[in-house]
>>> print(open('upload_37.cif').read())   # mmCIF, C-alpha atoms (C1' of nucleotides)
data_target
#
loop_
_atom_site.label_atom_id
_atom_site.label_comp_id
_atom_site.auth_asym_id
_atom_site.auth_seq_id
_atom_site.Cartn_x
_atom_site.Cartn_y
_atom_site.Cartn_z
CA MET A 1 -21.30 6.12 -1.96
CA LYS A 2 -18.46 7.30 0.23
CA GLU A 3 -20.47 6.41 3.30
CA PHE A 4 -21.48 3.11 1.80
CA LEU A 5 -17.86 2.16 1.27
CA ARG A 6 -16.70 3.46 4.63
CA THR A 7 -19.12 1.21 6.45
CA LYS A 8 -17.47 -1.70 4.70
CA GLY A 9 -13.99 -0.58 5.62
CA PHE A 10 -12.94 1.00 2.34
CA LYS A 11 -11.74 4.52 1.72
CA MET A 12 -12.77 6.93 -0.96
CA THR A 13 -10.19 8.40 -3.30
CA PRO A 14 -10.46 10.61 -6.36
CA GLN A 15 -9.45 7.69 -8.56
CA ARG A 16 -12.05 5.42 -7.03
CA GLU A 17 -14.72 8.04 -7.38
CA LEU A 18 -13.95 8.46 -11.05
CA ILE A 19 -13.76 4.73 -11.70
CA PHE A 20 -17.04 3.97 -9.94
CA ARG A 21 -18.81 6.76 -11.73
CA SER A 22 -17.48 5.69 -15.10
CA PHE A 23 -18.47 2.12 -14.48
CA PHE A 24 -22.06 3.04 -13.79
CA GLU A 25 -22.18 5.37 -16.77
CA LEU A 26 -21.11 2.66 -19.15
CA GLY A 27 -23.87 0.19 -19.81
CA GLU A 28 -23.91 -3.41 -18.69
CA HIS A 29 -21.18 -6.00 -19.20
CA VAL A 30 -18.15 -3.76 -19.09
CA SER A 31 -14.69 -5.24 -19.55
CA VAL A 32 -11.62 -3.95 -17.73
CA ASP A 33 -10.23 -2.57 -20.95
CA GLU A 34 -13.42 -0.73 -21.80
CA LEU A 35 -13.54 0.85 -18.39
CA TYR A 36 -9.84 1.60 -18.45
CA ASP A 37 -10.22 3.40 -21.78
CA LYS A 38 -13.10 5.49 -20.49
CA VAL A 39 -11.31 6.34 -17.27
CA ARG A 40 -8.14 7.20 -19.16
CA ASP A 41 -10.02 9.76 -21.23
CA LEU A 42 -10.85 11.55 -18.01
CA ASP A 43 -7.60 11.07 -16.11
CA GLN A 44 -4.46 10.05 -17.91
CA SER A 45 -2.67 9.21 -14.70
CA ILE A 46 -4.85 6.37 -13.45
CA GLY A 47 -3.21 2.98 -13.75
CA TYR A 48 -4.65 -0.17 -15.19
CA SER A 49 -4.30 -2.08 -11.95
CA THR A 50 -6.23 0.56 -10.08
CA VAL A 51 -9.10 0.23 -12.51
CA TRP A 52 -8.94 -3.53 -12.24
CA ARG A 53 -8.85 -3.52 -8.46
CA ASN A 54 -11.79 -1.17 -8.25
CA LEU A 55 -13.80 -3.30 -10.59
CA LYS A 56 -13.12 -6.18 -8.25
CA LEU A 57 -14.15 -3.98 -5.36
CA ILE A 58 -17.42 -3.11 -7.05
CA CYS A 59 -18.09 -6.82 -7.17
CA LYS A 60 -16.99 -7.37 -3.61
CA VAL A 61 -19.43 -4.84 -2.26
CA GLY A 62 -22.18 -6.46 -4.27
CA LEU A 63 -22.80 -3.86 -6.97
CA ALA A 64 -21.69 -6.00 -9.89
CA GLU A 65 -20.71 -9.51 -10.75
CA GLU A 66 -18.36 -11.13 -13.16
CA VAL A 67 -19.71 -12.58 -16.36
CA ASN A 68 -17.68 -15.08 -18.32
CA LEU A 69 -18.92 -15.83 -21.80
CA GLY A 70 -16.09 -18.16 -22.69
CA ASP A 71 -14.32 -15.77 -25.04
CA GLY A 72 -11.52 -15.08 -22.60
CA ILE A 73 -12.80 -11.67 -21.57
CA THR A 74 -14.25 -11.14 -18.12
CA ARG A 75 -17.12 -8.69 -18.15
CA TYR A 76 -18.67 -6.97 -15.18
CA ASP A 77 -22.40 -6.90 -15.01
CA ARG A 78 -24.22 -4.47 -12.77
CA VAL A 79 -26.33 -6.33 -10.27
CA THR A 80 -29.93 -5.53 -11.01
CA LYS A 81 -33.10 -6.47 -9.32
CA VAL A 82 -34.35 -8.67 -12.11
CA PRO A 83 -32.47 -11.87 -13.01
CA HIS A 84 -31.65 -12.06 -16.68
CA GLY A 85 -30.02 -14.33 -19.21
CA HIS A 86 -27.68 -13.35 -22.01
CA LEU A 87 -27.93 -13.54 -25.76
CA PHE A 88 -24.31 -13.51 -26.88
CA CYS A 89 -23.50 -12.89 -30.54
CA LEU A 90 -20.53 -15.04 -31.51
CA SER A 91 -19.71 -12.72 -34.37
CA CYS A 92 -19.92 -9.15 -33.08
CA LYS A 93 -19.80 -10.06 -29.35
CA LYS A 94 -22.85 -7.96 -28.65
CA LEU A 95 -24.71 -8.96 -25.54
CA GLU A 96 -28.45 -8.65 -25.07
CA GLU A 97 -30.48 -9.59 -22.06
CA PHE A 98 -33.72 -11.38 -21.56
CA PRO A 99 -35.83 -12.09 -18.48
CA VAL A 100 -35.52 -15.50 -16.88
CA GLU A 101 -37.81 -15.57 -13.85
CA GLN A 102 -39.62 -18.63 -15.08
CA LEU A 103 -36.44 -20.48 -15.98
CA VAL A 104 -34.79 -19.67 -12.69
CA GLY A 105 -37.76 -21.16 -10.94
CA ILE A 106 -37.29 -24.41 -12.79
CA LEU A 107 -33.56 -24.39 -12.13
CA ALA A 108 -34.01 -23.75 -8.43
CA GLN A 109 -36.25 -26.76 -8.28
CA THR A 110 -33.73 -28.86 -10.19
CA ALA A 111 -31.03 -27.85 -7.73
CA GLY A 112 -33.26 -28.55 -4.76
CA ASP A 113 -34.10 -32.02 -6.04
CA ARG A 114 -30.39 -32.79 -6.07
CA ASP A 115 -29.45 -31.26 -2.72
CA PHE A 116 -27.38 -28.72 -4.56
CA SER A 117 -27.24 -25.27 -3.00
CA PRO A 118 -27.42 -22.78 -5.88
CA GLU A 119 -25.51 -19.55 -5.65
CA HIS A 120 -25.92 -18.32 -9.18
CA PHE A 121 -27.72 -19.26 -12.36
CA LYS A 122 -26.21 -18.82 -15.77
CA ILE A 123 -28.46 -18.91 -18.78
CA GLU A 124 -26.94 -18.06 -22.13
CA ILE A 125 -27.85 -18.37 -25.74
CA HIS A 126 -24.83 -18.19 -28.04
CA GLY A 127 -25.44 -17.59 -31.69
CA LEU A 128 -25.83 -14.86 -34.26
CA CYS A 129 -27.70 -11.65 -33.72
CA ASN A 130 -30.01 -10.39 -36.44
CA ASP A 131 -27.42 -7.97 -37.85
CA CYS A 132 -24.77 -10.65 -38.15
CA GLN A 133 -27.16 -13.08 -39.77
CA ASN A 134 -27.90 -10.51 -42.43
CA LYS A 135 -24.24 -9.75 -42.93
CA ALA A 136 -23.59 -13.45 -43.47
CA ILE A 137 -26.32 -13.57 -46.09
CA ASP A 138 -24.92 -10.53 -47.88
CA GLU A 139 -21.50 -12.07 -48.00
CA ASN A 140 -22.85 -15.25 -49.50
CA ASN A 141 -24.61 -13.31 -52.21
CA ASN A 142 -21.64 -11.13 -53.11
CA GLY A 143 -18.56 -13.17 -52.34
CA ALA A 144 -16.94 -15.96 -54.32
CA ASP A 145 -18.07 -19.48 -53.61
CA ASP A 146 -14.80 -20.60 -52.07
CA GLU A 147 -14.82 -23.54 -49.60
CA MET B 148 -12.33 -43.78 -36.68
CA LYS B 149 -9.40 -43.73 -39.10
CA GLU B 150 -11.80 -43.73 -42.00
CA PHE B 151 -13.93 -41.07 -40.38
CA LEU B 152 -10.92 -38.79 -40.07
CA ARG B 153 -9.61 -39.52 -43.54
CA THR B 154 -12.82 -38.43 -45.13
CA LYS B 155 -12.30 -35.10 -43.42
CA GLY B 156 -8.72 -34.77 -44.59
CA PHE B 157 -6.91 -35.79 -41.42
CA LYS B 158 -4.41 -38.56 -40.95
CA MET B 159 -4.22 -41.18 -38.27
CA THR B 160 -1.11 -41.48 -36.15
CA PRO B 161 -0.27 -43.62 -33.14
CA GLN B 162 -0.33 -40.54 -30.95
CA ARG B 163 -3.71 -39.47 -32.24
CA GLU B 164 -5.12 -42.93 -31.81
CA LEU B 165 -3.98 -43.01 -28.21
CA ILE B 166 -5.23 -39.51 -27.46
CA PHE B 167 -8.66 -40.10 -28.97
CA ARG B 168 -9.05 -43.38 -27.15
CA SER B 169 -7.99 -41.87 -23.84
CA PHE B 170 -10.38 -38.97 -24.29
CA PHE B 171 -13.35 -41.22 -24.77
CA GLU B 172 -12.33 -43.41 -21.86
CA LEU B 173 -12.23 -40.50 -19.47
CA GLY B 174 -15.68 -39.30 -18.54
CA GLU B 175 -17.22 -36.01 -19.52
CA HIS B 176 -15.67 -32.54 -19.12
CA VAL B 177 -12.03 -33.43 -19.55
CA SER B 178 -9.40 -30.71 -19.29
CA VAL B 179 -6.20 -30.67 -21.35
CA ASP B 180 -4.15 -31.42 -18.27
CA GLU B 181 -6.29 -34.36 -17.27
CA LEU B 182 -6.04 -35.85 -20.70
CA TYR B 183 -2.34 -35.09 -20.92
CA ASP B 184 -1.75 -36.90 -17.63
CA LYS B 185 -3.65 -39.95 -18.78
CA VAL B 186 -1.93 -40.02 -22.14
CA ARG B 187 1.45 -39.58 -20.49
CA ASP B 188 0.89 -42.65 -18.39
CA LEU B 189 0.60 -44.63 -21.59
CA ASP B 190 3.24 -42.92 -23.68
CA GLN B 191 5.87 -40.72 -22.10
CA SER B 192 6.93 -39.24 -25.40
CA ILE B 193 3.73 -37.48 -26.42
CA GLY B 194 3.92 -33.71 -26.13
CA TYR B 195 1.46 -31.39 -24.49
CA SER B 196 0.79 -29.49 -27.68
CA THR B 197 -0.09 -32.68 -29.49
CA VAL B 198 -2.66 -33.51 -26.86
CA TRP B 199 -4.02 -30.00 -27.03
CA ARG B 200 -4.20 -29.99 -30.81
CA ASN B 201 -5.98 -33.31 -30.88
CA LEU B 202 -8.49 -32.14 -28.34
CA LYS B 203 -9.20 -29.23 -30.65
CA LEU B 204 -9.47 -31.66 -33.51
CA ILE B 205 -12.00 -33.75 -31.64
CA CYS B 206 -14.07 -30.59 -31.36
CA LYS B 207 -13.54 -29.65 -34.98
CA VAL B 208 -14.90 -32.96 -36.22
CA GLY B 209 -17.89 -32.56 -33.97
CA LEU B 210 -17.24 -35.19 -31.31
CA ALA B 211 -16.83 -32.77 -28.40
CA GLU B 212 -17.27 -29.16 -27.51
CA GLU B 213 -15.56 -26.74 -25.21
CA VAL B 214 -17.11 -25.93 -21.86
CA ASN B 215 -16.05 -22.84 -19.99
CA LEU B 216 -17.23 -22.59 -16.42
CA GLY B 217 -15.47 -19.34 -15.69
CA ASP B 218 -12.74 -20.85 -13.53
CA GLY B 219 -10.10 -20.39 -16.19
CA ILE B 220 -9.99 -24.03 -17.22
CA THR B 221 -11.40 -25.11 -20.56
CA ARG B 222 -13.05 -28.48 -20.39
CA TYR B 223 -14.05 -30.68 -23.30
CA ASP B 224 -17.45 -32.24 -23.20
CA ARG B 225 -18.32 -35.19 -25.38
CA VAL B 226 -21.20 -34.31 -27.67
CA THR B 227 -24.09 -36.47 -26.68
CA LYS B 228 -27.53 -36.90 -28.06
CA VAL B 229 -29.29 -35.36 -25.08
CA PRO B 230 -28.81 -31.66 -24.26
CA HIS B 231 -27.84 -31.12 -20.66
CA GLY B 232 -27.06 -28.36 -18.22
CA HIS B 233 -24.30 -28.27 -15.64
CA LEU B 234 -24.33 -28.14 -11.87
CA PHE B 235 -20.90 -26.73 -11.04
CA CYS B 236 -19.64 -26.91 -7.47
CA LEU B 237 -17.72 -23.74 -6.69
CA SER B 238 -15.83 -25.51 -3.92
CA CYS B 239 -14.70 -28.88 -5.26
CA LYS B 240 -15.25 -28.06 -8.96
CA LYS B 241 -17.24 -31.22 -9.46
CA LEU B 242 -19.58 -31.11 -12.41
CA GLU B 243 -22.91 -32.86 -12.60
CA GLU B 244 -25.37 -32.84 -15.43
CA PHE B 245 -29.08 -32.50 -15.64
CA PRO B 246 -31.53 -32.72 -18.54
CA VAL B 247 -32.74 -29.50 -20.10
CA GLU B 248 -35.09 -30.39 -22.92
CA GLN B 249 -37.88 -28.28 -21.51
CA LEU B 250 -35.63 -25.31 -20.83
CA VAL B 251 -34.08 -25.44 -24.26
CA GLY B 252 -37.54 -25.29 -25.72
CA ILE B 253 -38.25 -22.08 -23.89
CA LEU B 254 -34.88 -20.63 -24.83
CA ALA B 255 -35.31 -21.48 -28.49
CA GLN B 256 -38.57 -19.59 -28.42
CA THR B 257 -36.94 -16.64 -26.68
CA ALA B 258 -34.26 -16.53 -29.36
CA GLY B 259 -36.82 -16.84 -32.13
CA ASP B 260 -38.85 -13.95 -30.74
CA ARG B 261 -35.77 -11.78 -30.99
CA ASP B 262 -34.55 -12.86 -34.43
CA PHE B 263 -31.52 -14.35 -32.81
CA SER B 264 -30.13 -17.49 -34.42
CA PRO B 265 -29.08 -19.77 -31.58
CA GLU B 266 -26.08 -21.99 -31.98
CA HIS B 267 -25.70 -23.23 -28.48
CA PHE B 268 -27.46 -23.03 -25.14
CA LYS B 269 -25.62 -22.79 -21.87
CA ILE B 270 -27.47 -23.54 -18.70
CA GLU B 271 -25.48 -23.66 -15.50
CA ILE B 272 -26.16 -23.68 -11.81
CA HIS B 273 -23.15 -22.61 -9.76
CA GLY B 274 -23.19 -23.34 -6.07
CA LEU B 275 -22.27 -25.97 -3.52
CA CYS B 276 -22.77 -29.68 -3.97
CA ASN B 277 -24.15 -31.68 -1.10
CA ASP B 278 -20.73 -32.85 0.07
CA CYS B 279 -19.33 -29.35 0.21
CA GLN B 280 -22.37 -28.01 2.03
CA ASN B 281 -21.82 -30.63 4.71
CA LYS B 282 -18.13 -29.85 4.90
CA ALA B 283 -18.97 -26.21 5.44
CA ILE B 284 -21.30 -27.11 8.27
CA ASP B 285 -18.68 -29.31 9.91
CA GLU B 286 -16.15 -26.52 9.76
CA ASN B 287 -18.55 -24.13 11.40
CA ASN B 288 -19.17 -26.54 14.22
CA ASN B 289 -15.52 -27.36 14.87
CA GLY B 290 -13.55 -24.32 13.85
CA ALA B 291 -13.03 -21.01 15.67
CA ASP B 292 -15.49 -18.22 14.99
CA ASP B 293 -13.02 -15.97 13.22
CA GLU B 294 -14.78 -13.74 10.74
"C1'" DT C 295 -1.84 16.63 13.52
"C1'" DT C 296 -0.48 12.17 13.13
"C1'" DG C 297 0.06 7.30 12.35
"C1'" DA C 298 -1.81 2.98 10.82
"C1'" DA C 299 -4.32 1.02 7.28
"C1'" DA C 300 -5.72 1.37 2.70
"C1'" DA C 301 -4.95 2.78 -2.03
"C1'" DT C 302 -2.17 3.75 -6.00
"C1'" DG C 303 0.92 3.10 -10.31
"C1'" DA C 304 4.45 0.79 -12.62
"C1'" DA C 305 6.36 -3.20 -13.45
"C1'" DA C 306 6.84 -7.92 -12.97
"C1'" DG C 307 4.78 -12.40 -12.55
"C1'" DT C 308 1.30 -16.04 -13.39
"C1'" DC C 309 -0.83 -19.42 -15.99
"C1'" DG C 310 -3.53 -21.54 -19.44
"C1'" DA C 311 -3.97 -21.29 -24.31
"C1'" DT C 312 -1.81 -20.96 -28.76
"C1'" DT C 313 1.83 -20.62 -32.26
"C1'" DT C 314 6.34 -21.36 -34.28
"C1'" DC C 315 9.67 -24.12 -36.34
"C1'" DA C 316 12.53 -27.82 -37.43
"C1'" DT C 317 11.78 -32.57 -38.00
"C1'" DT C 318 9.18 -36.77 -38.69
"C1'" DT C 319 5.41 -39.47 -40.50
"C1'" DA C 320 1.23 -40.98 -43.09
"C1'" DG C 321 -0.57 -42.54 -47.00
"C1'" DG C 322 -1.78 -41.75 -52.06
"C1'" DC C 323 0.52 -42.67 -56.40
"C1'" DG C 324 3.29 -44.56 -59.90
"C1'" DC D 325 7.96 -51.20 -53.10
"C1'" DG D 326 9.96 -46.38 -52.85
"C1'" DC D 327 8.72 -41.37 -53.41
"C1'" DC D 328 6.70 -37.16 -52.34
"C1'" DT D 329 3.78 -33.80 -50.27
"C1'" DA D 330 0.68 -32.54 -46.89
"C1'" DA D 331 -0.18 -33.39 -42.27
"C1'" DA D 332 1.43 -34.27 -37.67
"C1'" DT D 333 4.58 -34.00 -33.93
"C1'" DG D 334 7.47 -32.15 -29.82
"C1'" DA D 335 9.93 -28.62 -27.68
"C1'" DA D 336 10.15 -24.22 -26.88
"C1'" DA D 337 8.69 -19.69 -27.44
"C1'" DT D 338 4.90 -16.56 -27.36
"C1'" DC D 339 0.49 -14.56 -26.24
"C1'" DG D 340 -2.70 -12.19 -23.50
"C1'" DA D 341 -5.68 -11.51 -19.77
"C1'" DC D 342 -5.47 -11.50 -15.17
"C1'" DT D 343 -3.13 -10.87 -10.69
"C1'" DT D 344 0.48 -9.64 -7.50
"C1'" DT D 345 4.44 -7.14 -5.77
"C1'" DC D 346 6.60 -3.24 -3.99
"C1'" DA D 347 7.78 1.35 -3.02
"C1'" DT D 348 5.26 5.41 -2.37
"C1'" DT D 349 1.24 8.22 -1.47
"C1'" DT D 350 -3.18 9.14 0.53
"C1'" DT D 351 -7.15 8.72 3.53
"C1'" DC D 352 -9.34 9.42 7.75
"C1'" DA D 353 -10.18 8.20 12.74
"C1'" DA D 354 -8.28 9.29 17.08
#
>>> encode(input="upload_37.cif", output="structure tokens")
Amino acid sequence: MKEFLRTKGFKMTPQRELIFRSFFELGEHVSVDELYDKVRDLDQSIGYSTVWRNLKLICKVGLAEEVNLGDGITRYDRVTKVPHGHLFCLSCKKLEEFPVEQLVGILAQTAGDRDFSPEHFKIEIHGLCNDCQNKAIDENNNGADDE
Amino acid sequence: MKEFLRTKGFKMTPQRELIFRSFFELGEHVSVDELYDKVRDLDQSIGYSTVWRNLKLICKVGLAEEVNLGDGITRYDRVTKVPHGHLFCLSCKKLEEFPVEQLVGILAQTAGDRDFSPEHFKIEIHGLCNDCQNKAIDENNNGADDE
DNA sequence: TTGAAAATGAAAGTCGATTTCATTTAGGCG
DNA sequence: CGCCTAAATGAAATCGACTTTCATTTTCAA
């Protein structure tokens, strides 16, 4: 990793090492705050802006990309081989993935037909995950019938 | 429209009337600032927060919905009969639409397979529109070859 | 070893979205 | 018609995530 960064003109530091490692240990779709919390557990002295800047760096060197679900929080998604879409639970904010090869094919064609040069496809399903659907049902059974 | 709002417990005011009308006169994907500018041309005295609140109201009563393209600006998209995706130009920010019936069918199935209750589908292609591709080419031909 | 370029941490700044609060207005009711 | 209460308004303050600034420290190639 040190070599990889050096070839791109960046230096390695203990903070960066820790931040990169933590990022890849956390799952997908990490927010700055989540990463900052994790990093802070390991080194109290690392600043928020350092975490933020390194997350940006991870994107710049092509290892992750920003995901914006419209809830005001930018998440950072590891770049993986396989393109995927997101199932975003509006209630608990959990994010699941699903494969989208077929869809991306259709979208690429759509773009081509319109002389639009696609850089990135975004396919999301917003709704309620199974857990939150069940919770909603429970609440209806137990709660008062207000509103 | 006044009746429509009354049945939902909202009152009609001159400001609201003007804001609603302006919103529907502007095309799709209107931002608060765009609407505020237009409304301001017609009535200098209307405040930003009133425009914002009425835009939210338009969403609440189901006539529009928020669109977030990840550029930090919330746009408001009139709810239309036909579901559509967005072609978003990363350079000039222009937004085009394209039909997505077929895709939505596939996505609904995907959601169903996973016991996910979909509320909303988001299908976007981010990239460069034809104009901006050409601009980029022009710049390469004329400009210096600085990295 | 050394010096320029890059990185860091704390704090301040940015900017769109949202809320607060004092005041005004709409519209149902007698 | 006037009255009254809930809703609406406008200005200003606040929020909160993101981004930048700046003084200082660190990396690493020569």
>>> closest_residue(input="upload_37.cif", among="C:DG322, C:DT302, C:DA316, C:DG310", to="chain B", atoms="all atoms listed in the file")
C:DG310
>>> closest_atom_pairs(input="upload_37.cif", of="chain D", to="chain B", cutoff="8 Å", atoms="all atoms listed in the file", output="Markdown table")
| residue | atom | partner | partner_atom | distance |
| --- | --- | --- | --- | --- |
| D:DA331 | C1' | B:Lys158 | CA | 6.8 |
| D:DA332 | C1' | B:Thr160 | CA | 7.8 |
| D:DT333 | C1' | B:Thr197 | CA | 6.6 |
| D:DG334 | C1' | B:Gly194 | CA | 5.4 |
>>> interface_residues(input="upload_37.cif", of="chain B", to="chain A", cutoff="6 Å", atoms="only C-alpha atoms", output="short mmCIF file (atom, residue, chain, number, x, y, z; two decimals) with C-alpha atoms, in the frame of the given file")
data_model
loop_
_atom_site.label_atom_id
_atom_site.label_comp_id
_atom_site.auth_asym_id
_atom_site.auth_seq_id
_atom_site.Cartn_x
_atom_site.Cartn_y
_atom_site.Cartn_z
CA ASN B 215 -16.05 -22.84 -19.99
CA GLY B 217 -15.47 -19.34 -15.69
CA ASP B 262 -34.55 -12.86 -34.43
CA PHE B 263 -31.52 -14.35 -32.81
CA SER B 264 -30.13 -17.49 -34.42
CA PRO B 265 -29.08 -19.77 -31.58
CA GLU B 266 -26.08 -21.99 -31.98
CA HIS B 267 -25.70 -23.23 -28.48
CA PHE B 268 -27.46 -23.03 -25.14
CA LYS B 269 -25.62 -22.79 -21.87
CA ILE B 270 -27.47 -23.54 -18.70
CA GLU B 271 -25.48 -23.66 -15.50
CA ILE B 272 -26.16 -23.68 -11.81
CA HIS B 273 -23.15 -22.61 -9.76
CA GLY B 274 -23.19 -23.34 -6.07
CA LEU B 275 -22.27 -25.97 -3.52
CA CYS B 276 -22.77 -29.68 -3.97
CA ASN B 277 -24.15 -31.68 -1.10
#
>>> atom_distance(input="upload_37.cif", atom1="CA of Ile220 in chain B", atom2="CA of Val179 in chain B")
8.7 Å
>>> resolve_selection(input="upload_37.cif", expression="the PyMOL selection byres ((chain C) within 12 of (chain B))", output="PyMOL selection string")
chain C and resi 309-314+318-322
>>> calpha_fit_and_write(input="upload_37.cif", fixed="chain B", moving="chain A", output="short mmCIF file (atom, residue, chain, number, x, y, z; two decimals) with C-alpha atoms, in the frame of the given file")
data_model
loop_
_atom_site.label_atom_id
_atom_site.label_comp_id
_atom_site.auth_asym_id
_atom_site.auth_seq_id
_atom_site.Cartn_x
_atom_site.Cartn_y
_atom_site.Cartn_z
CA MET A 1 -12.32 -43.87 -36.55
CA LYS A 2 -9.43 -43.85 -38.98
CA GLU A 3 -11.86 -43.87 -41.87
CA PHE A 4 -13.97 -41.22 -40.23
CA LEU A 5 -11.00 -38.91 -39.96
CA ARG A 6 -9.68 -39.68 -43.42
CA THR A 7 -12.93 -38.60 -45.01
CA LYS A 8 -12.44 -35.25 -43.33
CA GLY A 9 -8.88 -34.91 -44.54
CA PHE A 10 -7.04 -35.90 -41.38
CA LYS A 11 -4.50 -38.65 -40.92
CA MET A 12 -4.28 -41.24 -38.22
CA THR A 13 -1.15 -41.53 -36.12
CA PRO A 14 -0.28 -43.63 -33.09
CA GLN A 15 -0.34 -40.52 -30.92
CA ARG A 16 -3.74 -39.49 -32.20
CA GLU A 17 -5.12 -42.95 -31.69
CA LEU A 18 -3.96 -42.99 -28.10
CA ILE A 19 -5.21 -39.48 -27.40
CA PHE A 20 -8.65 -40.11 -28.88
CA ARG A 21 -9.02 -43.35 -27.02
CA SER A 22 -7.97 -41.80 -23.74
CA PHE A 23 -10.34 -38.92 -24.21
CA PHE A 24 -13.31 -41.20 -24.64
CA GLU A 25 -12.26 -43.35 -21.71
CA LEU A 26 -12.17 -40.41 -19.36
CA GLY A 27 -15.63 -39.23 -18.45
CA GLU A 28 -17.18 -35.95 -19.49
CA HIS A 29 -15.67 -32.48 -19.14
CA VAL A 30 -12.02 -33.34 -19.52
CA SER A 31 -9.40 -30.60 -19.30
CA VAL A 32 -6.22 -30.59 -21.38
CA ASP A 33 -4.15 -31.27 -18.30
CA GLU A 34 -6.28 -34.21 -17.24
CA LEU A 35 -6.03 -35.75 -20.67
CA TYR A 36 -2.34 -34.97 -20.91
CA ASP A 37 -1.71 -36.73 -17.59
CA LYS A 38 -3.62 -39.81 -18.70
CA VAL A 39 -1.90 -39.92 -22.06
CA ARG A 40 1.49 -39.43 -20.44
CA ASP A 41 0.95 -42.50 -18.28
CA LEU A 42 0.65 -44.51 -21.46
CA ASP A 43 3.28 -42.80 -23.60
CA GLN A 44 5.89 -40.60 -22.02
CA SER A 45 6.94 -39.15 -25.35
CA ILE A 46 3.72 -37.43 -26.37
CA GLY A 47 3.90 -33.66 -26.13
CA TYR A 48 1.45 -31.33 -24.52
CA SER A 49 0.76 -29.47 -27.74
CA THR A 50 -0.11 -32.68 -29.51
CA VAL A 51 -2.67 -33.49 -26.86
CA TRP A 52 -4.04 -29.98 -27.06
CA ARG A 53 -4.25 -30.00 -30.84
CA ASN A 54 -6.02 -33.32 -30.87
CA LEU A 55 -8.52 -32.14 -28.34
CA LYS A 56 -9.22 -29.25 -30.67
CA LEU A 57 -9.52 -31.72 -33.51
CA ILE A 58 -12.03 -33.79 -31.59
CA CYS A 59 -14.11 -30.65 -31.35
CA LYS A 60 -13.60 -29.75 -34.97
CA VAL A 61 -14.93 -33.06 -36.18
CA GLY A 62 -17.93 -32.64 -33.93
CA LEU A 63 -17.26 -35.24 -31.25
CA ALA A 64 -16.86 -32.80 -28.38
CA GLU A 65 -17.29 -29.18 -27.53
CA GLU A 66 -15.59 -26.73 -25.27
CA VAL A 67 -17.15 -25.90 -21.95
CA ASN A 68 -16.13 -22.77 -20.10
CA LEU A 69 -17.29 -22.53 -16.52
CA GLY A 70 -15.56 -19.26 -15.81
CA ASP A 71 -12.81 -20.72 -13.65
CA GLY A 72 -10.16 -20.28 -16.31
CA ILE A 73 -10.06 -23.93 -17.30
CA THR A 74 -11.45 -25.03 -20.64
CA ARG A 75 -13.10 -28.42 -20.44
CA TYR A 76 -14.07 -30.65 -23.32
CA ASP A 77 -17.47 -32.19 -23.20
CA ARG A 78 -18.34 -35.17 -25.34
CA VAL A 79 -21.21 -34.33 -27.64
CA THR A 80 -24.13 -36.49 -26.64
CA LYS A 81 -27.53 -36.90 -28.06
CA VAL A 82 -29.33 -35.35 -25.14
CA PRO A 83 -28.81 -31.65 -24.32
CA HIS A 84 -27.84 -31.11 -20.72
CA GLY A 85 -27.05 -28.35 -18.28
CA HIS A 86 -24.31 -28.28 -15.69
CA LEU A 87 -24.32 -28.16 -11.93
CA PHE A 88 -20.91 -26.74 -11.09
CA CYS A 89 -19.63 -26.94 -7.52
CA LEU A 90 -17.69 -23.78 -6.73
CA SER A 91 -15.80 -25.55 -3.99
CA CYS A 92 -14.68 -28.92 -5.33
CA LYS A 93 -15.22 -28.09 -9.04
CA LYS A 94 -17.23 -31.23 -9.55
CA LEU A 95 -19.57 -31.09 -12.49
CA GLU A 96 -22.91 -32.87 -12.67
CA GLU A 97 -25.37 -32.84 -15.50
CA PHE A 98 -29.09 -32.49 -15.71
CA PRO A 99 -31.54 -32.72 -18.61
CA VAL A 100 -32.73 -29.48 -20.16
CA GLU A 101 -35.09 -30.36 -23.00
CA GLN A 102 -37.86 -28.26 -21.58
CA LEU A 103 -35.62 -25.29 -20.89
CA VAL A 104 -34.05 -25.42 -24.31
CA GLY A 105 -37.49 -25.25 -25.80
CA ILE A 106 -38.20 -22.06 -23.92
CA LEU A 107 -34.84 -20.60 -24.87
CA ALA A 108 -35.28 -21.41 -28.53
CA GLN A 109 -38.54 -19.54 -28.45
CA THR A 110 -36.92 -16.59 -26.70
CA ALA A 111 -34.24 -16.48 -29.38
CA GLY A 112 -36.79 -16.76 -32.16
CA ASP A 113 -38.83 -13.89 -30.75
CA ARG A 114 -35.74 -11.71 -30.98
CA ASP A 115 -34.54 -12.78 -34.43
CA PHE A 116 -31.49 -14.27 -32.80
CA SER A 117 -30.12 -17.40 -34.44
CA PRO A 118 -29.07 -19.72 -31.60
CA GLU A 119 -26.06 -21.93 -32.04
CA HIS A 120 -25.67 -23.18 -28.52
CA PHE A 121 -27.44 -22.99 -25.19
CA LYS A 122 -25.62 -22.76 -21.91
CA ILE A 123 -27.48 -23.53 -18.74
CA GLU A 124 -25.49 -23.67 -15.53
CA ILE A 125 -26.16 -23.70 -11.86
CA HIS A 126 -23.15 -22.64 -9.80
CA GLY A 127 -23.18 -23.39 -6.13
CA LEU A 128 -22.25 -26.01 -3.59
CA CYS A 129 -22.73 -29.71 -4.05
CA ASN A 130 -24.13 -31.75 -1.19
CA ASP A 131 -20.70 -32.93 -0.03
CA CYS A 132 -19.31 -29.41 0.12
CA GLN A 133 -22.33 -28.11 1.97
CA ASN A 134 -21.78 -30.73 4.63
CA LYS A 135 -18.09 -29.97 4.83
CA ALA A 136 -18.92 -26.31 5.39
CA ILE A 137 -21.26 -27.25 8.21
CA ASP A 138 -18.64 -29.46 9.83
CA GLU A 139 -16.11 -26.69 9.72
CA ASN A 140 -18.49 -24.29 11.38
CA ASN A 141 -19.12 -26.73 14.18
CA ASN A 142 -15.47 -27.55 14.80
CA GLY A 143 -13.52 -24.46 13.84
CA ALA A 144 -12.99 -21.23 15.75
CA ASP A 145 -15.47 -18.46 15.20
CA ASP A 146 -13.05 -16.15 13.43
CA GLU A 147 -14.42 -13.49 11.03
#
